[in-house]
Structures are given as C-alpha cells and as structure tokens.
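Raw run_31.cif, mmCIF, C-alpha atoms:
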```
data_entry
#
loop_
_atom_site.label_atom_id
_atom_site.label_comp_id
_atom_site.auth_asym_id
_atom_site.auth_seq_id
_atom_site.Cartn_x
_atom_site.Cartn_y
_atom_site.Cartn_z
CA MET J 28 11.04 -9.12 -22.82
CA VAL J 29 7.90 -10.16 -20.88
CA TYR J 30 8.12 -13.36 -18.91
CA GLU J 31 4.93 -15.36 -18.78
CA TYR J 32 4.24 -18.58 -16.94
CA ALA J 33 1.39 -21.03 -16.73
CA GLY J 34 1.52 -21.63 -12.97
CA ASP J 35 2.41 -19.95 -9.71
CA SER J 36 5.80 -21.67 -9.37
CA ALA J 37 7.78 -19.41 -11.72
CA LEU J 38 8.15 -16.63 -9.15
CA ASP J 39 8.43 -17.83 -5.57
CA TYR J 40 7.43 -15.14 -3.06
CA PHE J 41 8.61 -17.30 -0.12
CA PRO J 42 5.49 -16.31 1.90
CA CYS J 43 6.15 -16.08 5.62
CA ARG J 44 4.71 -14.89 8.92
CA TYR J 45 6.36 -13.13 11.84
CA GLY J 46 5.54 -14.04 15.42
CA GLN J 47 1.83 -14.33 16.14
CA SER J 48 0.85 -12.06 13.26
CA LYS J 49 -1.79 -13.48 10.92
CA LEU J 50 -0.43 -11.48 8.00
CA LEU J 51 1.43 -13.32 5.25
CA PHE J 52 4.37 -11.31 3.92
CA ARG J 53 6.84 -11.80 1.12
CA GLY J 54 10.04 -13.60 2.10
CA PRO J 55 12.58 -14.89 2.47
CA ARG J 56 11.92 -14.51 6.17
CA ARG J 57 14.33 -12.23 8.01
CA LYS J 58 15.43 -12.49 11.63
CA LEU J 59 13.98 -9.62 13.63
CA GLU J 60 17.12 -9.10 15.65
CA GLY J 61 20.33 -7.13 15.40
CA VAL J 62 20.55 -4.19 13.01
CA TYR J 63 17.96 -4.13 10.25
CA ALA J 64 15.60 -1.81 8.40
CA ALA J 65 11.90 -2.37 7.80
CA VAL J 66 9.48 -1.38 5.07
CA LEU J 67 5.72 -1.15 5.53
CA GLY J 68 3.48 -0.86 2.50
CA GLY J 69 0.92 -2.30 0.16
CA THR J 70 0.99 -4.15 -3.14
CA GLU J 71 3.80 -1.99 -4.53
CA THR J 72 6.06 -2.82 -1.59
CA TYR J 73 5.18 -6.50 -1.76
CA GLY J 74 6.33 -6.42 -5.38
CA LYS J 75 3.77 -8.63 -7.07
CA PHE J 76 5.11 -10.02 -10.38
CA VAL J 77 8.56 -8.47 -9.72
CA ALA J 78 11.53 -10.72 -8.92
CA GLU J 79 13.39 -8.04 -6.93
CA PRO J 80 11.09 -5.40 -5.44
CA TYR J 81 12.57 -2.20 -4.07
CA PRO J 82 13.05 -3.55 -0.48
CA ALA J 83 15.35 -6.26 -1.88
CA LEU J 84 17.25 -3.72 -3.99
CA LEU J 85 17.48 -1.42 -0.98
CA GLU J 86 18.96 -4.23 1.11
CA ARG J 87 21.86 -4.54 -1.33
CA ALA J 88 22.33 -0.79 -1.52
CA ILE J 89 22.58 -0.16 2.24
CA GLY J 90 24.28 -3.42 3.21
CA LEU J 91 21.79 -4.33 5.92
CA PRO J 92 18.83 -6.73 6.08
CA VAL J 93 15.59 -5.07 4.98
CA VAL J 94 12.40 -6.74 6.19
CA ASN J 95 9.64 -6.51 3.59
CA PHE J 96 6.37 -5.91 5.42
CA GLY J 97 4.55 -5.21 2.17
CA TYR J 98 1.04 -6.64 2.23
CA MET J 99 -1.21 -7.04 -0.78
CA ASN J 100 -3.97 -4.40 -1.04
CA ALA J 101 -3.14 -3.05 2.40
CA GLY J 102 -4.40 0.17 3.88
CA ALA J 103 -3.15 1.75 7.10
CA ASP J 104 -5.73 -0.27 9.09
CA VAL J 105 -3.96 -3.57 8.63
CA PHE J 106 -0.75 -2.34 10.28
CA VAL J 107 -2.30 -0.26 13.06
CA GLY J 108 -3.93 -3.44 14.36
CA GLU J 109 -0.80 -5.63 14.21
CA PRO J 110 1.30 -5.16 17.40
CA VAL J 111 3.87 -7.76 16.28
CA ILE J 112 4.67 -5.77 13.15
CA VAL J 113 4.60 -2.40 14.91
CA ASP J 114 7.03 -3.77 17.52
CA ALA J 115 9.34 -5.13 14.79
CA CYS J 116 9.37 -1.71 13.13
CA SER J 117 10.04 0.00 16.44
CA ARG J 118 13.14 -2.17 16.89
CA ALA J 119 14.39 -1.49 13.36
CA ARG J 120 17.11 1.08 12.78
CA VAL J 121 14.71 2.87 10.40
CA THR J 122 11.27 2.10 8.97
CA VAL J 123 10.08 3.14 5.54
CA ILE J 124 6.31 3.60 5.31
CA GLN J 125 4.81 3.62 1.85
CA LEU J 126 1.86 5.99 1.53
CA MET J 127 -1.09 3.77 0.71
CA GLY J 128 -4.41 4.87 -0.76
CA ALA J 129 -7.22 6.19 1.41
CA GLN J 130 -9.89 3.87 -0.01
CA ASN J 131 -8.92 0.75 1.93
CA MET J 132 -9.84 1.85 5.45
CA SER J 133 -12.90 1.51 7.63
CA ASN J 134 -14.62 4.85 8.21
CA ARG J 135 -17.98 6.41 9.04
CA PHE J 136 -19.40 5.37 5.66
CA TYR J 137 -18.25 1.78 5.24
CA ALA J 138 -16.24 -1.04 6.81
CA VAL J 139 -13.44 -3.06 5.23
CA HIS J 140 -12.03 -6.47 6.08
CA PRO J 141 -9.50 -6.10 8.94
CA ARG J 142 -6.73 -7.81 6.96
CA ARG J 143 -7.86 -7.76 3.33
CA ASN J 144 -8.43 -4.03 3.37
CA ASP J 145 -9.58 -3.85 -0.25
CA ARG J 146 -12.62 -6.00 0.61
CA PHE J 147 -15.80 -4.01 1.15
CA LEU J 148 -17.80 -5.52 4.02
CA ARG J 149 -20.79 -3.28 4.60
CA ALA J 150 -22.17 0.21 4.28
CA SER J 151 -23.08 2.15 7.40
CA THR J 152 -26.55 3.51 8.11
CA LEU J 153 -25.20 6.95 7.18
CA MET J 154 -24.01 5.65 3.81
CA LYS J 155 -27.31 3.94 3.07
CA THR J 156 -29.22 7.08 4.03
CA ILE J 157 -27.21 9.29 1.66
CA PHE J 158 -27.17 6.80 -1.21
CA ARG J 159 -30.72 5.43 -0.98
CA GLU J 160 -30.69 4.49 -4.64
CA VAL J 161 -27.63 2.24 -4.36
CA ASP J 162 -27.72 -1.49 -3.62
CA PHE J 163 -24.50 -2.04 -1.68
CA THR J 164 -24.86 -5.83 -1.74
CA GLU J 165 -23.54 -5.67 -5.31
CA PHE J 166 -20.07 -4.59 -4.17
CA HIS J 167 -17.23 -6.72 -2.87
CA PHE J 168 -14.27 -4.38 -3.34
CA THR J 169 -13.77 -0.79 -2.20
CA ARG J 170 -12.46 0.49 -5.52
CA HIS J 171 -15.38 -0.91 -7.50
CA MET J 172 -17.83 0.57 -5.02
CA LEU J 173 -16.24 4.03 -5.01
CA SER J 174 -15.94 4.08 -8.79
CA ALA J 175 -19.64 3.27 -9.12
CA LEU J 176 -20.61 5.97 -6.62
CA LYS J 177 -18.41 8.50 -8.40
CA SER J 178 -20.13 7.71 -11.68
CA GLN J 179 -23.69 7.67 -10.34
CA ALA J 180 -23.61 10.49 -7.79
CA PRO J 181 -20.38 12.55 -7.95
CA GLU J 182 -21.63 15.28 -5.60
CA LYS J 183 -22.60 12.80 -2.90
CA CYS J 184 -19.40 10.83 -3.45
CA ALA J 185 -17.44 13.97 -2.55
CA LEU J 186 -18.71 13.53 1.02
CA VAL J 187 -17.22 10.04 1.13
CA GLU J 188 -13.92 11.25 -0.32
CA ASP J 189 -13.67 13.98 2.33
CA GLU J 190 -14.30 11.40 5.05
CA LEU J 191 -11.66 9.08 3.63
CA LYS J 192 -9.07 11.84 3.47
CA SER J 193 -9.72 12.87 7.07
CA ALA J 194 -9.64 9.24 8.24
CA TRP J 195 -6.37 8.65 6.35
CA VAL J 196 -4.64 11.53 8.14
CA VAL J 197 -5.82 10.35 11.55
CA ARG J 198 -4.88 6.71 10.87
CA MET J 199 -1.45 7.56 9.47
CA ARG J 200 -0.66 9.83 12.41
CA HIS J 201 -1.68 7.03 14.74
CA LEU J 202 0.54 4.53 12.92
CA LEU J 203 3.54 6.88 12.97
CA GLN J 204 3.06 7.56 16.67
CA LYS J 205 2.99 3.83 17.43
CA ILE J 206 6.32 3.19 15.70
CA GLU J 207 9.28 4.20 17.81
CA GLY J 208 12.51 5.25 16.16
CA LYS J 209 13.21 6.80 12.77
CA THR J 210 10.62 6.69 10.01
CA VAL J 211 10.67 7.67 6.35
CA LEU J 212 7.47 8.33 4.44
CA LEU J 213 7.63 7.02 0.88
CA TRP J 214 5.34 8.66 -1.64
CA ILE J 215 5.37 6.79 -4.96
CA ALA J 216 3.43 9.26 -7.06
CA GLY J 217 1.24 7.89 -9.82
CA ASP J 218 0.63 9.48 -13.18
CA PRO J 219 -1.48 12.61 -12.49
CA GLY J 220 -3.26 12.06 -15.79
CA GLU J 221 -4.40 8.59 -14.77
CA ASN J 222 -8.15 8.48 -14.19
CA LYS J 223 -9.32 5.22 -15.71
CA ASP J 224 -12.09 4.62 -13.17
CA GLY J 225 -12.72 8.23 -12.16
CA LEU J 226 -10.80 7.97 -8.90
CA GLY J 227 -7.50 9.53 -9.99
CA ALA J 228 -3.91 8.43 -9.64
CA GLU J 229 -2.29 6.19 -7.05
CA PRO J 230 -2.18 6.39 -4.11
CA LEU J 231 -5.91 7.04 -4.36
CA MET J 232 -7.19 10.29 -2.85
CA VAL J 233 -3.84 11.17 -1.24
CA ASP J 234 -2.75 14.75 -1.89
CA ALA J 235 0.00 17.14 -0.79
CA GLU J 236 -2.14 18.69 1.94
CA MET J 237 -2.73 15.29 3.53
CA VAL J 238 0.95 14.41 3.40
CA ALA J 239 1.85 17.78 4.93
CA ALA J 240 -0.53 17.02 7.81
CA ILE J 241 1.47 13.93 8.81
CA ARG J 242 4.95 15.05 7.76
CA SER J 243 6.02 16.27 11.22
CA PHE J 244 5.37 12.80 12.68
CA ALA J 245 8.06 11.23 10.48
CA THR J 246 11.81 11.72 10.32
CA ASP J 247 11.92 12.26 6.56
CA LEU J 248 9.87 12.15 3.37
CA VAL J 249 10.91 10.75 0.01
CA ARG J 250 8.72 11.39 -3.01
CA VAL J 251 9.41 9.37 -6.13
CA ASN J 252 7.97 10.44 -9.45
CA PRO J 253 8.81 7.50 -11.73
CA SER J 254 10.55 8.61 -14.92
CA GLY J 255 8.88 8.44 -18.30
CA ALA J 256 11.30 5.71 -19.34
CA ALA J 257 10.40 3.59 -16.30
CA MET J 258 6.69 4.03 -16.94
CA ARG J 259 7.01 3.21 -20.63
CA ALA J 260 8.87 0.02 -19.77
CA GLY J 261 5.53 -1.24 -18.46
CA THR J 262 5.56 -4.97 -17.74
CA ASP J 263 9.01 -5.54 -19.23
CA GLY J 264 10.84 -7.94 -16.92
CA MET J 265 7.77 -8.86 -14.89
CA HIS J 266 6.65 -12.45 -14.30
CA PHE J 267 2.98 -13.21 -14.83
CA ALA J 268 0.55 -15.65 -16.38
CA PRO J 269 -1.33 -14.52 -19.51
CA LEU J 270 -4.54 -13.91 -17.58
CA ASP J 271 -2.67 -11.69 -15.11
CA GLU J 272 -1.40 -9.25 -17.73
CA PRO J 273 -4.00 -6.53 -16.94
CA ALA J 274 -3.15 -6.73 -13.22
CA ALA J 275 0.59 -6.65 -13.94
CA ALA J 276 0.20 -3.63 -16.23
CA ALA J 277 -1.38 -1.68 -13.34
CA MET J 278 1.60 -2.29 -11.04
CA PRO J 279 5.10 -0.79 -10.95
CA GLY J 280 7.62 -2.73 -13.01
CA PRO J 281 11.28 -3.45 -12.23
CA ARG J 282 12.42 -0.07 -13.60
CA VAL J 283 10.14 1.78 -11.18
CA HIS J 284 11.30 -0.40 -8.26
CA ALA J 285 14.91 0.41 -9.15
CA GLU J 286 14.19 4.16 -9.11
CA VAL J 287 12.44 3.89 -5.74
CA ALA J 288 15.40 2.02 -4.22
CA GLU J 289 17.82 4.55 -5.71
CA ALA J 290 15.90 7.44 -4.13
CA LEU J 291 15.64 5.78 -0.72
CA ALA J 292 19.19 4.45 -0.36
CA PRO J 293 21.05 7.72 0.40
CA VAL J 294 18.34 8.81 2.85
CA LEU J 295 18.55 5.56 4.79
CA LYS J 296 22.34 5.52 4.77
CA ARG J 297 22.36 8.88 6.57
CA MET J 298 20.14 7.41 9.30
CA LEU J 299 21.99 4.16 9.94
#
```

What does this structure look like when you write it as structure tokens?
Amino acid sequence: MVYEYAGDSALDYFPCRYGQSKLLFRGPRRKLEGVYAAVLGGTETYGKFVAEPYPALLERAIGLPVVNFGYMNAGADVFVGEPVIVDACSRARVTVIQLMGAQNMSNRFYAVHPRRNDRFLRASTLMKTIFREVDFTEFHFTRHMLSALKSQAPEKCALVEDELKSAWVVRMRHLLQKIEGKTVLLWIAGDPGENKDGLGAEPLMVDAEMVAAIRSFATDLVRVNPSGAAMRAGTDGMHFAPLDEPAAAAMPGPRVHAEVAEALAPVLKRML
C-alpha cells in the first residue's frame, strides 16, 4: 500500500540542530554524550518519505542510540566544513559514512552552495572556456547541469567527470582523516542499468577504483546491493503527497532501508 497525504504533517521528521551547526538534521534529537553511534550521509540516510530510515532500524538492532546526521542532497563538502558534526562523530563509538555522489562538490570547474550541495552556484573561468557554447545561467542544480553537458558535449564532459572523481577521493580522504575513532564506509549501490539522465547509477560517478583509494582510511566497508524484491517494492510503505510521487520513486523505500540496516548491524556490533 502507498500512503499519500495532502500536507507535510503526516510524517514528522522532528528536524533538529546540534550545537552551533547550521545544518538541520532529522530527529528526534539525540544527546551527544555517553555511548552512541553516528551516521553521516545524504538523502538516503535522512530517509525522506520513510517512517523508519536505516539509522533508526540500526539503533534497535545494536541497542545503542544512533545519531542520524543524514542531510538532504549532501555531498562530502557539507560535512568537511562542519566542526560540530565532525567532533560529534569523533566522540561516537563508531561512525557510518554513506558514500555520496561526486556531483555535489565544489571543484575546479564549478562551485556549489556550502550547505545545499546540490545547488549550482557558478561556473569557473576554466569551465566557461571549455564550454563556450553553454549558458550556465540557465542551471540551478548540479545534476541538471551535468546531464545537459553530457548530452551536448560528452567528450568535454568527460573532463569534468574526471575532475569530480579526483576531487571526491581527496575530499573523502580528508573527511575520514578528520573523524577520530572507528569508521565504516557504506556503499548503497544503485542499479547499474540505471541511466535515465545519462549520468549512471547512484551514487553518481563513484566507482570501485575510487572506493579502493579511500578504503585504507576507514575501519571497514559495507556494500549493499539492494535485492530485486526490495527494488520492486518501490514506494510501497512510503509517505508522500501525490505531487511528490516522482521524487519518492527515485529514493530507497522501506525494504531497501531494512536491508541496509541488516547488513550494517553485525559489523557495528563487532566494533562496539
């Protein structure tokens, strides 16, 4: 069954902040003291449209508070620049870091919003020089911009993709080095056949070679390939308004969240 609602009140995300951080996370708010685990990530970790995202399921499975530091449309940039969150993760017994796409980061070709990392701010002089035929004022989001470049000039776009991959490795290494204590990389692998906008599967532009380049900086790595049954379940059990159905369909449903929590639980239990 699909649950639809006409307003925002049907699913309360209990939005909250921690310390002096400007980031608004999903609650309920947890005390950053004692023994707890933390999870950093993007939209999937936040659990948009899902009543119990995998951090909540993981909390029940391991018997300890799990702080959900999932942030909508986040890239690595948003966490590298947040000392309050990095410190909270350093004090956690273990931190899970979801591998986020490479598109939502500032780099030599373009800049993104420091908190809303999916927002395209401006193209660099280098970008404008390579793509002279493109009017970058038409773009407001990184994915739309990259999809358009891929369609119009695939050979030139390969230069941008290479830059994003290199920047992702550097940024993720930096993030892992800033977090003290045990860390687990979480790779939620998208459908390899997915290519609706020409950019490939989630997390965008992240491949095995890139993950291998940062693997030694983490304590462990968990890769989750959602089962066919979980993928076919689609939006079953999700909460969304009719107009949000396309957005909900592009996000992991409750079955996928359950499989992620199931894969993470035994790994975290060994580290506690």

query = Looking at J:Ala103, J:Ala115, J:Val211, J:Ala285, which one is nearest to J:Val196, with distances taken over all atoms listed in the file?
reply = J:Ala103

ask   = Which polymer residues have any atom within 8 Å of an atom of stretch 184-189 of chain J, counting all atoms listed in the file, with same-chain residues fewer than 3 positions away left out, as a PyMOL selection string?
value = chain J and resi 136+173+176-177+180-181+192-193+232

Excluding same-chain residues fewer than 4 positions from stretch 142-150 of chain J, what lies within 12 Å of it counting only C-alpha atoms, as a PDB file with C-alpha atoms, keeping the file's coordinate frame?
```pdb
ATOM      1  CA  SER J  48       0.850 -12.060  13.260  1.00  0.00           C
ATOM      2  CA  LYS J  49      -1.790 -13.480  10.920  1.00  0.00           C
ATOM      3  CA  LEU J  50      -0.430 -11.480   8.000  1.00  0.00           C
ATOM      4  CA  LEU J  51       1.430 -13.320   5.250  1.00  0.00           C
ATOM      5  CA  GLY J  69       0.920  -2.300   0.160  1.00  0.00           C
ATOM      6  CA  THR J  70       0.990  -4.150  -3.140  1.00  0.00           C
ATOM      7  CA  TYR J  98       1.040  -6.640   2.230  1.00  0.00           C
ATOM      8  CA  MET J  99      -1.210  -7.040  -0.780  1.00  0.00           C
ATOM      9  CA  ASN J 100      -3.970  -4.400  -1.040  1.00  0.00           C
ATOM     10  CA  ALA J 101      -3.140  -3.050   2.400  1.00  0.00           C
ATOM     11  CA  GLY J 102      -4.400   0.170   3.880  1.00  0.00           C
ATOM     12  CA  ALA J 103      -3.150   1.750   7.100  1.00  0.00           C
ATOM     13  CA  ASP J 104      -5.730  -0.270   9.090  1.00  0.00           C
ATOM     14  CA  VAL J 105      -3.960  -3.570   8.630  1.00  0.00           C
ATOM     15  CA  PHE J 106      -0.750  -2.340  10.280  1.00  0.00           C
ATOM     16  CA  VAL J 107      -2.300  -0.260  13.060  1.00  0.00           C
ATOM     17  CA  GLY J 108      -3.930  -3.440  14.360  1.00  0.00           C
ATOM     18  CA  GLU J 109      -0.800  -5.630  14.210  1.00  0.00           C
ATOM     19  CA  MET J 127      -1.090   3.770   0.710  1.00  0.00           C
ATOM     20  CA  GLY J 128      -4.410   4.870  -0.760  1.00  0.00           C
ATOM     21  CA  ALA J 129      -7.220   6.190   1.410  1.00  0.00           C
ATOM     22  CA  GLN J 130      -9.890   3.870  -0.010  1.00  0.00           C
ATOM     23  CA  ASN J 131      -8.920   0.750   1.930  1.00  0.00           C
ATOM     24  CA  MET J 132      -9.840   1.850   5.450  1.00  0.00           C
ATOM     25  CA  SER J 133     -12.900   1.510   7.630  1.00  0.00           C
ATOM     26  CA  ASN J 134     -14.620   4.850   8.210  1.00  0.00           C
ATOM     27  CA  ARG J 135     -17.980   6.410   9.040  1.00  0.00           C
ATOM     28  CA  PHE J 136     -19.400   5.370   5.660  1.00  0.00           C
ATOM     29  CA  TYR J 137     -18.250   1.780   5.240  1.00  0.00           C
ATOM     30  CA  ALA J 138     -16.240  -1.040   6.810  1.00  0.00           C
ATOM     31  CA  MET J 154     -24.010   5.650   3.810  1.00  0.00           C
ATOM     32  CA  LYS J 155     -27.310   3.940   3.070  1.00  0.00           C
ATOM     33  CA  THR J 156     -29.220   7.080   4.030  1.00  0.00           C
ATOM     34  CA  ILE J 157     -27.210   9.290   1.660  1.00  0.00           C
ATOM     35  CA  PHE J 158     -27.170   6.800  -1.210  1.00  0.00           C
ATOM     36  CA  ARG J 159     -30.720   5.430  -0.980  1.00  0.00           C
ATOM     37  CA  VAL J 161     -27.630   2.240  -4.360  1.00  0.00           C
ATOM     38  CA  ASP J 162     -27.720  -1.490  -3.620  1.00  0.00           C
ATOM     39  CA  PHE J 163     -24.500  -2.040  -1.680  1.00  0.00           C
ATOM     40  CA  THR J 164     -24.860  -5.830  -1.740  1.00  0.00           C
ATOM     41  CA  GLU J 165     -23.540  -5.670  -5.310  1.00  0.00           C
ATOM     42  CA  PHE J 166     -20.070  -4.590  -4.170  1.00  0.00           C
ATOM     43  CA  HIS J 167     -17.230  -6.720  -2.870  1.00  0.00           C
ATOM     44  CA  PHE J 168     -14.270  -4.380  -3.340  1.00  0.00           C
ATOM     45  CA  THR J 169     -13.770  -0.790  -2.200  1.00  0.00           C
ATOM     46  CA  ARG J 170     -12.460   0.490  -5.520  1.00  0.00           C
ATOM     47  CA  HIS J 171     -15.380  -0.910  -7.500  1.00  0.00           C
ATOM     48  CA  MET J 172     -17.830   0.570  -5.020  1.00  0.00           C
ATOM     49  CA  LEU J 173     -16.240   4.030  -5.010  1.00  0.00           C
ATOM     50  CA  VAL J 187     -17.220  10.040   1.130  1.00  0.00           C
TER      51      VAL J 187
END
```

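The gap separating atom CA of J:Asp271 from atom CA of J:Ala175 is 23.4 Å, in Å to one decimal.
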
Test item: which residues lie within 9 Å of (7.5, 9.8, 10.3) counting all atoms listed in the file, as a PyMOL selection string = chain J and resi 122-124+200+203-204+206+208-212+241-248

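Taking atom CA of J:Arg87 and atom CA of J:Leu126 as endpoints, the distance between them is 22.8 Å.
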
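Put simply, atom CA of J:Phe96 is 9.1 Å away from atom CA of J:Gly54.
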
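Restricting the calculation to all atoms listed in the file, the smallest distance between J:Leu295 and any of J:Ala274, J:Val139, J:Leu91, J:Ala268 is found for J:Leu91.
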
task = List the neighbours of stretch 92-95 of chain J out to 9 Å using only C-alpha atoms; skip same-chain residues closer than 2 positions along the sequence, and give me the result as a PyMOL selection string.
result = chain J and resi 52-59+62-68+72-73+82-83+85-87+89-90+97-98

task = Compute the distance from (3.4, 4.4, -10.0) to each atom, counting only C-alpha atoms, keep the residues with any atom at most 9 Å away, and return them as a PyMOL selection string; use the coordinates of the file.
result = chain J and resi 71+215-218+228-230+251-253+258+277-280+283

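Nearest-residue note for J:Cys116: choosing from J:Arg297, J:Arg198, J:Lys223, J:Lys205, the minimum distance belongs to J:Lys205, counting only C-alpha atoms.
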
message = Nearest residue to J:Trp214 out of J:Arg250, J:Ala78, J:Asp114, J:Lys183, using all atoms listed in the file?
response = J:Arg250
